[in-house]
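Peer 1: Provided below: query19.cif, containing mmCIF, C-alpha atoms.
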```
data_protein
loop_
_atom_site.group_PDB
_atom_site.id
_atom_site.type_symbol
_atom_site.label_atom_id
_atom_site.label_comp_id
_atom_site.auth_asym_id
_atom_site.auth_seq_id
_atom_site.Cartn_x
_atom_site.Cartn_y
_atom_site.Cartn_z
ATOM 1 C CA MET D 813 -1.186 122.863 -19.971
ATOM 2 C CA ASN D 814 -0.928 123.164 -23.734
ATOM 3 C CA ASP D 815 -0.922 120.596 -26.538
ATOM 4 C CA CYS D 816 2.893 120.588 -26.731
ATOM 5 C CA GLY D 817 3.807 120.199 -23.061
ATOM 6 C CA PRO D 818 5.151 116.909 -21.659
ATOM 7 C CA VAL D 819 2.863 114.345 -20.071
ATOM 8 C CA PHE D 820 3.693 112.612 -16.793
ATOM 9 C CA VAL D 821 1.943 109.325 -16.004
ATOM 10 C CA VAL D 822 2.163 108.782 -12.249
ATOM 11 C CA GLY D 823 0.657 106.603 -9.553
ATOM 12 C CA MET D 824 1.448 103.799 -7.168
ATOM 13 C CA ASN D 825 3.335 100.904 -8.768
ATOM 14 C CA GLY D 826 0.960 98.212 -9.965
ATOM 15 C CA SER D 827 -1.812 100.675 -10.848
ATOM 16 C CA GLY D 828 -1.617 100.365 -14.636
ATOM 17 C CA THR D 829 0.912 103.132 -15.344
ATOM 18 C CA SER D 830 2.941 100.927 -17.719
ATOM 19 C CA MET D 831 -0.116 99.905 -19.702
ATOM 20 C CA MET D 832 -1.242 103.524 -19.911
ATOM 21 C CA LEU D 833 2.121 104.788 -21.150
ATOM 22 C CA ASP D 834 2.406 102.005 -23.706
ATOM 23 C CA SER D 835 -1.046 102.868 -25.065
ATOM 24 C CA LEU D 836 -0.265 106.588 -25.203
ATOM 25 C CA GLY D 837 2.902 105.769 -27.120
ATOM 26 C CA ARG D 838 0.716 104.297 -29.879
ATOM 27 C CA HIS D 839 -0.655 107.784 -30.590
ATOM 28 C CA PRO D 840 0.994 109.307 -33.695
ATOM 29 C CA ASP D 841 1.575 112.623 -31.900
ATOM 30 C CA LEU D 842 3.082 111.235 -28.687
ATOM 31 C CA TYR D 843 6.458 109.730 -27.844
ATOM 32 C CA ALA D 844 6.523 107.406 -24.827
ATOM 33 C CA VAL D 845 9.897 107.392 -23.060
ATOM 34 C CA PRO D 846 10.324 103.581 -22.974
ATOM 35 C CA HIS D 847 11.857 103.289 -19.496
ATOM 36 C CA GLU D 848 11.374 105.044 -16.163
ATOM 37 C CA THR D 849 13.711 108.024 -15.766
ATOM 38 C CA LEU D 850 13.739 107.609 -11.950
ATOM 39 C CA MET D 851 16.399 110.272 -11.284
ATOM 40 C CA MET D 852 14.500 113.341 -12.506
ATOM 41 C CA PRO D 853 13.611 114.771 -9.029
ATOM 42 C CA TYR D 854 17.219 114.317 -7.904
ATOM 43 C CA ILE D 855 18.555 116.053 -11.024
ATOM 44 C CA ILE D 856 16.118 118.933 -10.554
ATOM 45 C CA GLU D 857 17.173 119.286 -6.915
ATOM 46 C CA GLN D 858 20.843 119.497 -7.939
ATOM 47 C CA ALA D 859 20.286 122.314 -10.472
ATOM 48 C CA ARG D 860 21.247 124.964 -7.928
ATOM 49 C CA ARG D 861 24.820 123.626 -7.949
ATOM 50 C CA PHE D 862 25.261 124.875 -11.515
ATOM 51 C CA GLY D 863 24.419 128.527 -10.953
ATOM 52 C CA ASN D 864 22.867 130.722 -13.633
ATOM 53 C CA LEU D 865 21.805 128.474 -16.520
ATOM 54 C CA GLU D 866 21.801 131.472 -18.855
ATOM 55 C CA VAL D 867 25.581 131.067 -18.892
ATOM 56 C CA ASP D 868 26.593 128.662 -21.669
ATOM 57 C CA GLU D 869 29.126 126.781 -19.543
ATOM 58 C CA ASN D 870 26.618 126.255 -16.725
ATOM 59 C CA PHE D 871 23.850 125.120 -19.065
ATOM 60 C CA PHE D 872 26.178 122.716 -20.848
ATOM 61 C CA ALA D 873 27.498 121.328 -17.551
ATOM 62 C CA TYR D 874 23.988 120.796 -16.179
ATOM 63 C CA GLY D 875 22.926 119.040 -19.364
ATOM 64 C CA ARG D 876 25.967 116.795 -19.181
ATOM 65 C CA PHE D 877 25.147 116.059 -15.525
ATOM 66 C CA ALA D 878 21.539 115.168 -16.414
ATOM 67 C CA LEU D 879 22.697 112.715 -19.082
ATOM 68 C CA ASP D 880 25.143 111.040 -16.719
ATOM 69 C CA GLN D 881 22.583 110.729 -13.926
ATOM 70 C CA MET D 882 20.054 108.820 -16.050
ATOM 71 C CA PRO D 883 21.653 105.458 -16.880
ATOM 72 C CA VAL D 884 18.378 104.422 -18.497
ATOM 73 C CA LEU D 885 19.236 106.650 -21.461
ATOM 74 C CA ARG D 886 21.944 104.175 -22.412
ATOM 75 C CA ARG D 887 19.293 101.485 -22.691
ATOM 76 C CA ILE D 888 17.099 103.746 -24.798
ATOM 77 C CA THR D 889 19.814 104.888 -27.210
ATOM 78 C CA GLY D 890 22.004 101.783 -27.182
ATOM 79 C CA THR D 891 25.156 103.877 -26.741
ATOM 80 C CA ASP D 892 27.603 104.061 -23.835
ATOM 81 C CA ARG D 893 28.686 107.663 -24.333
ATOM 82 C CA LEU D 894 25.706 109.969 -24.600
ATOM 83 C CA GLU D 895 26.027 113.324 -26.327
ATOM 84 C CA LEU D 896 23.898 116.426 -25.942
ATOM 85 C CA PRO D 897 21.554 117.141 -28.882
ATOM 86 C CA GLY D 898 23.041 119.188 -31.701
ATOM 87 C CA ASN D 899 20.687 122.122 -31.095
ATOM 88 C CA TRP D 900 21.451 122.158 -27.379
ATOM 89 C CA LEU D 901 22.209 125.868 -27.011
ATOM 90 C CA ALA D 902 18.932 126.722 -28.747
ATOM 91 C CA GLN D 903 16.993 125.234 -25.823
ATOM 92 C CA PRO D 904 15.378 127.531 -23.225
ATOM 93 C CA ARG D 905 17.949 128.072 -20.472
ATOM 94 C CA THR D 906 15.872 126.445 -17.768
ATOM 95 C CA VAL D 907 15.743 123.134 -15.931
ATOM 96 C CA ALA D 908 12.781 122.172 -18.125
ATOM 97 C CA GLY D 909 14.834 123.115 -21.174
ATOM 98 C CA VAL D 910 17.418 120.500 -20.230
ATOM 99 C CA PHE D 911 14.885 117.672 -20.121
ATOM 100 C CA ASP D 912 12.981 118.961 -23.152
ATOM 101 C CA GLY D 913 16.254 119.006 -25.052
ATOM 102 C CA ILE D 914 17.021 115.387 -24.153
ATOM 103 C CA PHE D 915 13.583 113.810 -24.460
ATOM 104 C CA GLY D 916 12.442 116.181 -27.194
ATOM 105 C CA SER D 917 15.284 114.984 -29.408
ATOM 106 C CA LEU D 918 14.178 111.383 -28.819
ATOM 107 C CA ALA D 919 10.620 112.353 -29.763
ATOM 108 C CA VAL D 920 11.778 114.050 -32.962
ATOM 109 C CA GLY D 921 13.727 110.891 -33.809
ATOM 110 C CA GLN D 922 10.390 109.030 -33.729
ATOM 111 C CA ASN D 923 8.631 111.696 -35.838
ATOM 112 C CA THR D 924 6.571 112.969 -32.920
ATOM 113 C CA ARG D 925 6.491 116.307 -31.164
ATOM 114 C CA ARG D 926 5.523 115.615 -27.560
ATOM 115 C CA TRP D 927 7.067 113.304 -24.967
ATOM 116 C CA CYS D 928 5.336 111.283 -22.257
ATOM 117 C CA GLU D 929 7.158 109.891 -19.242
ATOM 118 C CA LYS D 930 6.147 107.244 -16.719
ATOM 119 C CA THR D 931 7.836 106.926 -13.357
ATOM 120 C CA PRO D 932 5.181 105.913 -10.796
ATOM 121 C CA ASP D 933 6.990 107.497 -7.838
ATOM 122 C CA HIS D 934 6.820 110.904 -9.508
ATOM 123 C CA VAL D 935 3.365 111.054 -7.922
ATOM 124 C CA GLN D 936 5.327 112.281 -4.884
ATOM 125 C CA HIS D 937 6.756 115.166 -6.920
ATOM 126 C CA ILE D 938 3.782 116.560 -8.839
ATOM 127 C CA ARG D 939 4.167 119.981 -7.222
ATOM 128 C CA THR D 940 7.855 120.225 -8.138
ATOM 129 C CA LEU D 941 7.366 118.914 -11.666
ATOM 130 C CA ALA D 942 4.381 121.198 -12.236
ATOM 131 C CA GLU D 943 6.496 124.194 -11.254
ATOM 132 C CA VAL D 944 9.484 123.175 -13.382
ATOM 133 C CA PHE D 945 7.309 122.205 -16.379
ATOM 134 C CA PRO D 946 4.544 124.841 -16.489
ATOM 135 C CA ASP D 947 3.023 123.338 -19.663
ATOM 136 C CA ALA D 948 2.969 119.724 -18.427
ATOM 137 C CA GLY D 949 -0.065 117.544 -17.812
ATOM 138 C CA PHE D 950 -0.311 114.829 -15.143
ATOM 139 C CA VAL D 951 -2.247 111.566 -15.448
ATOM 140 C CA HIS D 952 -2.698 109.893 -12.061
ATOM 141 C CA MET D 953 -3.540 106.186 -12.278
ATOM 142 C CA ILE D 954 -5.461 104.844 -9.253
ATOM 143 C CA ARG D 955 -6.292 101.204 -8.505
ATOM 144 C CA ASP D 956 -7.744 99.291 -5.543
ATOM 145 C CA GLY D 957 -4.903 99.208 -2.994
ATOM 146 C CA ARG D 958 -5.557 95.569 -2.099
ATOM 147 C CA GLU D 959 -5.093 94.561 -5.728
ATOM 148 C CA VAL D 960 -1.928 96.673 -5.871
ATOM 149 C CA ALA D 961 -0.617 94.936 -2.742
ATOM 150 C CA ALA D 962 -1.325 91.514 -4.251
ATOM 151 C CA SER D 963 0.381 92.432 -7.530
ATOM 152 C CA ILE D 964 3.533 93.890 -5.969
ATOM 153 C CA SER D 965 3.768 91.185 -3.307
ATOM 154 C CA ARG D 966 3.690 88.560 -6.047
ATOM 155 C CA ARG D 967 5.988 90.256 -8.591
ATOM 156 C CA GLN D 968 8.440 92.117 -6.363
ATOM 157 C CA LEU D 969 8.324 90.112 -3.123
ATOM 158 C CA ARG D 970 7.247 93.108 -1.032
ATOM 159 C CA HIS D 971 5.509 93.097 2.351
ATOM 160 C CA PRO D 972 1.813 93.716 1.557
ATOM 161 C CA GLU D 973 1.313 95.881 4.662
ATOM 162 C CA LEU D 974 4.093 98.230 3.546
ATOM 163 C CA VAL D 975 2.637 98.308 0.022
ATOM 164 C CA MET D 976 -0.768 99.285 1.395
ATOM 165 C CA TYR D 977 0.787 101.980 3.574
ATOM 166 C CA ARG D 978 2.663 103.457 0.596
ATOM 167 C CA TRP D 979 -0.467 103.167 -1.566
ATOM 168 C CA LYS D 980 -2.632 105.253 0.750
ATOM 169 C CA LYS D 981 0.117 107.855 1.249
ATOM 170 C CA LEU D 982 0.904 108.190 -2.455
ATOM 171 C CA VAL D 983 -2.741 108.352 -3.501
ATOM 172 C CA ALA D 984 -3.374 111.071 -0.915
ATOM 173 C CA GLU D 985 -0.212 112.945 -1.933
ATOM 174 C CA GLY D 986 -1.085 112.805 -5.623
ATOM 175 C CA ARG D 987 -4.676 113.935 -5.138
ATOM 176 C CA ALA D 988 -3.668 116.812 -2.885
ATOM 177 C CA ALA D 989 -1.028 117.991 -5.361
ATOM 178 C CA GLY D 990 -3.437 117.569 -8.251
ATOM 179 C CA ALA D 991 -6.007 119.776 -6.554
ATOM 180 C CA GLY D 992 -3.402 122.539 -6.549
ATOM 181 C CA ILE D 993 -2.743 122.504 -10.304
ATOM 182 C CA GLY D 994 -6.315 122.493 -11.544
ATOM 183 C CA ASN D 995 -6.973 121.383 -15.105
ATOM 184 C CA ARG D 996 -3.425 120.112 -15.584
ATOM 185 C CA TYR D 997 -4.273 117.016 -13.517
ATOM 186 C CA LEU D 998 -6.475 114.043 -14.399
ATOM 187 C CA GLU D 999 -7.315 110.937 -12.386
ATOM 188 C CA VAL D 1000 -7.936 107.686 -14.232
ATOM 189 C CA ARG D 1001 -9.247 104.690 -12.321
ATOM 190 C CA TYR D 1002 -7.685 101.442 -13.461
ATOM 191 C CA GLU D 1003 -11.009 99.648 -13.085
ATOM 192 C CA ASP D 1004 -12.791 102.252 -15.254
ATOM 193 C CA LEU D 1005 -10.070 102.110 -17.904
ATOM 194 C CA THR D 1006 -10.146 98.328 -18.244
ATOM 195 C CA SER D 1007 -13.950 98.071 -18.192
ATOM 196 C CA ASP D 1008 -14.574 100.871 -20.738
ATOM 197 C CA PRO D 1009 -11.276 101.754 -22.430
ATOM 198 C CA ARG D 1010 -12.797 103.726 -25.286
ATOM 199 C CA ALA D 1011 -14.660 106.153 -23.032
ATOM 200 C CA GLN D 1012 -11.673 106.623 -20.728
ATOM 201 C CA MET D 1013 -9.155 107.115 -23.535
ATOM 202 C CA GLN D 1014 -11.467 109.585 -25.272
ATOM 203 C CA ARG D 1015 -11.641 111.475 -21.993
ATOM 204 C CA LEU D 1016 -7.865 111.348 -21.737
ATOM 205 C CA CYS D 1017 -7.381 112.642 -25.278
ATOM 206 C CA ARG D 1018 -9.630 115.626 -24.514
ATOM 207 C CA PHE D 1019 -7.507 116.327 -21.466
ATOM 208 C CA LEU D 1020 -4.275 116.118 -23.472
ATOM 209 C CA GLN D 1021 -5.777 118.133 -26.338
ATOM 210 C CA VAL D 1022 -4.979 115.496 -28.947
ATOM 211 C CA ARG D 1023 -7.316 113.760 -31.359
ATOM 212 C CA PHE D 1024 -8.619 110.366 -30.367
ATOM 213 C CA THR D 1025 -7.339 107.382 -32.334
ATOM 214 C CA ASP D 1026 -8.213 103.704 -32.009
ATOM 215 C CA GLU D 1027 -4.498 102.899 -31.891
ATOM 216 C CA ILE D 1028 -4.347 103.829 -28.209
ATOM 217 C CA LEU D 1029 -6.902 101.174 -27.282
ATOM 218 C CA GLN D 1030 -4.168 98.564 -27.667
ATOM 219 C CA SER D 1031 -1.016 97.782 -25.741
ATOM 220 C CA ARG D 1032 1.834 95.314 -25.470
ATOM 221 C CA LEU D 1033 0.889 95.249 -21.786
ATOM 222 C CA PRO D 1034 -2.848 94.520 -21.767
ATOM 223 C CA GLN D 1035 -4.394 92.482 -19.014
ATOM 224 C CA ASN D 1036 -4.503 88.782 -19.809
ATOM 225 C CA PRO D 1037 -4.830 85.581 -17.774
ATOM 226 C CA ASN D 1038 -1.064 85.252 -17.314
ATOM 227 C CA ARG D 1039 -0.407 88.996 -17.041
ATOM 228 C CA LYS D 1040 2.532 88.639 -19.438
ATOM 229 C CA GLN D 1041 3.966 91.215 -21.792
ATOM 230 C CA LEU D 1042 3.119 90.188 -25.341
ATOM 231 C CA PRO D 1043 5.882 89.241 -27.810
ATOM 232 C CA ARG D 1044 7.404 92.106 -29.768
ATOM 233 C CA GLY D 1045 5.104 93.165 -32.576
ATOM 234 C CA GLU D 1046 1.971 91.753 -30.971
ATOM 235 C CA LEU D 1047 -0.711 93.953 -29.430
ATOM 236 C CA GLY D 1048 -3.749 93.231 -27.317
ATOM 237 C CA ALA D 1049 -6.879 95.156 -26.445
ATOM 238 C CA ILE D 1050 -7.228 96.736 -23.014
ATOM 239 C CA SER D 1051 -9.775 94.581 -21.194
ATOM 240 C CA PRO D 1052 -11.053 93.874 -17.674
ATOM 241 C CA ASN D 1053 -8.695 92.057 -15.333
ATOM 242 C CA PRO D 1054 -10.211 89.592 -12.839
ATOM 243 C CA VAL D 1055 -9.886 90.679 -9.212
ATOM 244 C CA LYS D 1056 -7.197 88.591 -7.550
ATOM 245 C CA TRP D 1057 -6.737 89.896 -4.018
ATOM 246 C CA PRO D 1058 -9.630 88.000 -2.277
ATOM 247 C CA ASN D 1059 -8.009 84.681 -3.239
ATOM 248 C CA TYR D 1060 -4.397 85.826 -2.953
ATOM 249 C CA PHE D 1061 -4.554 86.962 0.690
ATOM 250 C CA ASP D 1062 -5.953 85.146 3.695
ATOM 251 C CA SER D 1063 -8.677 86.845 5.755
ATOM 252 C CA ALA D 1064 -6.246 88.014 8.460
ATOM 253 C CA THR D 1065 -4.041 89.787 5.896
ATOM 254 C CA VAL D 1066 -7.055 91.403 4.223
ATOM 255 C CA ARG D 1067 -8.219 92.672 7.596
ATOM 256 C CA ARG D 1068 -4.770 94.122 8.315
ATOM 257 C CA LEU D 1069 -4.597 95.782 4.901
ATOM 258 C CA GLU D 1070 -7.988 97.384 5.453
ATOM 259 C CA GLU D 1071 -6.957 98.527 8.924
ATOM 260 C CA ILE D 1072 -4.147 100.443 7.214
ATOM 261 C CA GLY D 1073 -5.911 101.703 4.092
ATOM 262 C CA GLY D 1074 -9.641 101.160 4.613
ATOM 263 C CA ARG D 1075 -10.466 104.851 4.936
ATOM 264 C CA MET D 1076 -8.796 105.736 1.624
ATOM 265 C CA LEU D 1077 -10.367 102.725 -0.083
ATOM 266 C CA GLY D 1078 -13.772 103.889 1.097
ATOM 267 C CA GLU D 1079 -13.172 107.487 -0.001
ATOM 268 C CA LEU D 1080 -12.364 106.214 -3.471
ATOM 269 C CA GLY D 1081 -15.564 104.162 -3.615
ATOM 270 C CA TYR D 1082 -14.109 100.680 -3.198
ATOM 271 C CA GLU D 1083 -16.121 98.204 -1.139
ATOM 272 C CA VAL D 1084 -14.430 97.664 2.204
ATOM 273 C CA ARG D 1085 -15.342 96.274 5.623
ATOM 274 C CA THR D 1086 -13.008 98.395 7.748
ATOM 275 C CA VAL D 1087 -14.185 101.781 6.495
ATOM 276 C CA SER D 1088 -12.315 103.782 9.170
ATOM 277 C CA GLY D 1089 -8.986 101.986 8.796
ATOM 278 C CA ASP D 1090 -6.090 104.444 8.805
ATOM 279 C CA ASP D 1091 -3.428 102.731 10.923
ATOM 280 C CA GLU D 1092 0.231 103.550 10.460
ATOM 281 C CA PRO D 1093 2.805 100.777 10.956
ATOM 282 C CA LYS D 1094 5.445 101.409 13.606
ATOM 283 C CA TRP D 1095 8.507 103.291 12.359
ATOM 284 C CA TRP D 1096 10.779 100.325 13.017
ATOM 285 C CA GLN D 1097 8.438 98.002 11.130
ATOM 286 C CA LYS D 1098 8.582 100.224 8.056
ATOM 287 C CA LYS D 1099 12.372 100.435 8.184
ATOM 288 C CA LEU D 1100 12.734 96.674 8.641
ATOM 289 C CA TRP D 1101 10.271 95.900 5.845
ATOM 290 C CA ARG D 1102 11.977 98.334 3.463
ATOM 291 C CA ALA D 1103 15.416 96.871 4.162
ATOM 292 C CA MET D 1104 14.209 93.283 3.749
ATOM 293 C CA ASP D 1105 12.266 94.102 0.590
ATOM 294 C CA PHE D 1106 15.213 95.941 -0.968
ATOM 295 C CA LEU D 1107 17.640 93.104 -0.281
ATOM 296 C CA ARG D 1108 15.235 90.406 -1.458
ATOM 297 C CA TYR D 1109 14.283 92.237 -4.671
ATOM 298 C CA THR D 1110 17.866 93.243 -5.475
ATOM 299 C CA TRP D 1111 19.094 89.673 -5.059
ATOM 300 C CA ALA D 1112 16.250 88.407 -7.252
ATOM 301 C CA GLN D 1113 17.266 90.889 -9.968
ATOM 302 C CA LYS D 1114 20.862 89.720 -9.700
ATOM 303 C CA LYS D 1115 19.815 86.121 -10.310
ATOM 304 C CA ARG D 1116 17.320 86.627 -13.150
ATOM 305 C CA SER D 1117 18.332 89.759 -15.063
ATOM 306 C CA ARG D 1118 21.199 89.858 -17.551
ATOM 307 C CA ARG D 1119 21.540 93.592 -16.907
ATOM 308 C CA TYR D 1120 22.845 92.813 -13.412
ATOM 309 C CA ASN D 1121 24.805 89.640 -14.129
ATOM 310 C CA SER D 1122 27.990 91.001 -12.538
ATOM 311 C CA TRP D 1123 28.697 92.573 -9.164
ATOM 312 C CA PRO D 1124 29.929 95.901 -10.672
ATOM 313 C CA LYS D 1125 26.661 96.271 -12.616
ATOM 314 C CA LEU D 1126 24.635 95.449 -9.529
ATOM 315 C CA ALA D 1127 26.694 97.901 -7.453
ATOM 316 C CA ARG D 1128 25.952 100.626 -10.004
ATOM 317 C CA LYS D 1129 22.244 99.799 -9.795
ATOM 318 C CA ILE D 1130 22.315 100.021 -5.981
ATOM 319 C CA TYR D 1131 24.286 103.299 -6.130
ATOM 320 C CA PHE D 1132 21.681 105.004 -8.291
ATOM 321 C CA SER D 1133 18.840 103.427 -6.279
ATOM 322 C CA PHE D 1134 20.125 105.070 -3.096
ATOM 323 C CA LYS D 1135 20.440 108.452 -4.849
ATOM 324 C CA GLU D 1136 16.892 108.101 -6.146
ATOM 325 C CA TYR D 1137 15.650 107.087 -2.699
ATOM 326 C CA ARG D 1138 16.845 110.425 -1.269
ATOM 327 C CA SER D 1139 14.018 112.194 -3.091
ATOM 328 C CA LYS D 1140 11.248 109.869 -1.875
ATOM 329 C CA ARG D 1141 8.958 110.709 0.998
ATOM 330 C CA PHE D 1142 7.255 107.319 1.244
#
```
Output the file's structure as structure tokens, nothing else.

Peer 2:
Amino acid sequence: MNDCGPVFVVGMNGSGTSMMLDSLGRHPDLYAVPHETLMMPYIIEQARRFGNLEVDENFFAYGRFALDQMPVLRRITGTDRLELPGNWLAQPRTVAGVFDGIFGSLAVGQNTRRWCEKTPDHVQHIRTLAEVFPDAGFVHMIRDGREVAASISRRQLRHPELVMYRWKKLVAEGRAAGAGIGNRYLEVRYEDLTSDPRAQMQRLCRFLQVRFTDEILQSRLPQNPNRKQLPRGELGAISPNPVKWPNYFDSATVRRLEEIGGRMLGELGYEVRTVSGDDEPKWWQKKLWRAMDFLRYTWAQKKRSRRYNSWPKLARKIYFSFKEYRSKRF
């Protein structure tokens, strides 16, 4: 990793990745891509369809494809028809060059030189991303899986047992991949970050090879009693968040969660009763839970989000969700 390479913030949903990215985006040398790119692994996988990227036509076509496969860019730029950056053909003729061209131009527009991206599920693709982006650094956020299950069950209406299963698999996947890329990988415990943000952010700045600044100790997404995003223009300090899971779940659910993820919780140093728990739900249970969760969450988005206030918009969302899902292991 060097001090110009991109930064990927990864980890299980609900582990503080959004707060981390928002804080990093306060650094004068870093640009935080404001929404999850989601489709990056799929776009990388499809690169082989475009042949030799040294050929201008192929490189242009792949860049156009990348723009079209990331609808989130329309939200970022506020335009319906996205155009490739003016210096497009000056980019390195690689897959990384395509993304650096797109996100690098956004960074330059904000007077920064280095982009940071947060898509939690990219924890499943650290090996691929590390190969494609040889100068990139990876920040893996880790949080108590029971707290993650409580957070996602409450906010996204997911089955807590499936959340715990995904948590243990993604944590294990991220740590294994991180061990293979050496000093390009850093783990940050959510509990450590919120209890001593200065020490953890200083550690992170050393890892990223940027100077420490007090600006990154604040966020629009700090922990607060209502766990609400602050109004635009307001910032809050990163601070400890009270543990919610013991009161959110009944004892039977806690026992089941620990039967699934107790071993990983123990390995990470969290206090747990079922220290050997490593159960795997039945295959049909996982499929049923995923289908129910997807339908319930999608319908909730349709009812409460203006972005999906029509069936065509919702159909487009589902279309890209299925394409993204193809690249997920868990």

Peer 1: With the file shown as input, list the residues that the PyMOL selection byres ((chain D and resi 907-910) around 7) selects, as number ranges by chain.

Peer 2: D: 856, 875, 903-906, 911-914, 944-945

Peer 1: What's the 8 Å shell around Ile1072 (chain D), counting all atoms listed in the file, without same-chain residues fewer than 6 positions away, as a VMD selection string?

Peer 2: chain D and resid 973 976 to 977 1089 to 1093

Peer 1: Please provide as a PyMOL selection string all residues within 10 Å of Phe1061 (chain D), with the sequence filter that same-chain residues fewer than 2 positions apart are discarded (counting only C-alpha atoms).

Peer 2: chain D and resi 958-959+961-962+972+1056-1059+1063-1067+1069

Peer 1: When distances are computed from all atoms listed in the file, which of D:Gln1097, D:Thr849, D:Asn1053, D:Gln881 shows the smallest separation from Gly828 (chain D)?

Peer 2: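 Of D:Gln1097, D:Thr849, D:Asn1053, D:Gln881, the one nearest Gly828 (chain D) is D:Asn1053, counting all atoms listed in the file.
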
Peer 1: Since I can't run it myself right now, could you work out what the PyMOL selection byres ((chain D and resi 995) around 12) selects here and report it as a ChimeraX atom specification?

Peer 2: /D:813-814,942,947-951,989-994,996-999,1018-1021

Peer 1: At most 10 Å is the cut-off: for each residue in region 949-1010 of chain D with any atom that close to an atom of region 1077-1087 of chain D, write down the nearest atom pair and the distance in Å rounded to one decimal, counting only C-alpha atoms, chain first then increasing number, as a Markdown table.

Peer 2:
```
| residue | atom | partner | partner_atom | distance |
| --- | --- | --- | --- | --- |
| D:Ile954 | CA | D:Leu1080 | CA | 9.1 |
| D:Arg955 | CA | D:Leu1080 | CA | 9.3 |
| D:Asp956 | CA | D:Tyr1082 | CA | 6.9 |
| D:Gly957 | CA | D:Leu1077 | CA | 7.1 |
| D:Arg958 | CA | D:Leu1077 | CA | 8.9 |
| D:Lys980 | CA | D:Leu1077 | CA | 8.2 |
| D:Val983 | CA | D:Leu1080 | CA | 9.9 |
| D:Arg1001 | CA | D:Leu1080 | CA | 9.5 |
```

Peer 1: Between CA of Thr924 (chain D) and CA of Gly817 (chain D), what distance in Å does the model show, to one decimal?

Peer 2: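 According to the coordinates, CA of Thr924 (chain D) and CA of Gly817 (chain D) are separated by 12.5 Å.
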
Peer 1: Assuming the chain letters and numbering stay as they are in my file, what does the PyMOL selection byres ((chain D and resi 841) around 7) actually select? List them as a PyMOL selection string.

Peer 2: chain D and resi 839-840+842-843+924-926

Peer 1: Enumerate, in order of chain and increasing residue number, the residues of region 849-868 of chain D with an atom no farther than 9 Å from region 882-889 of chain D, each with its shortest atom pair and distance in Å to one decimal, counting all atoms listed in the file, as a Markdown table.

Peer 2:
```
| residue | atom | partner | partner_atom | distance |
| --- | --- | --- | --- | --- |
| D:Thr849 | CA | D:Met882 | CA | 6.4 |
| D:Leu850 | CA | D:Met882 | CA | 7.6 |
| D:Met851 | CA | D:Met882 | CA | 6.2 |
| D:Met852 | CA | D:Met882 | CA | 8.0 |
| D:Ile855 | CA | D:Met882 | CA | 8.9 |
```
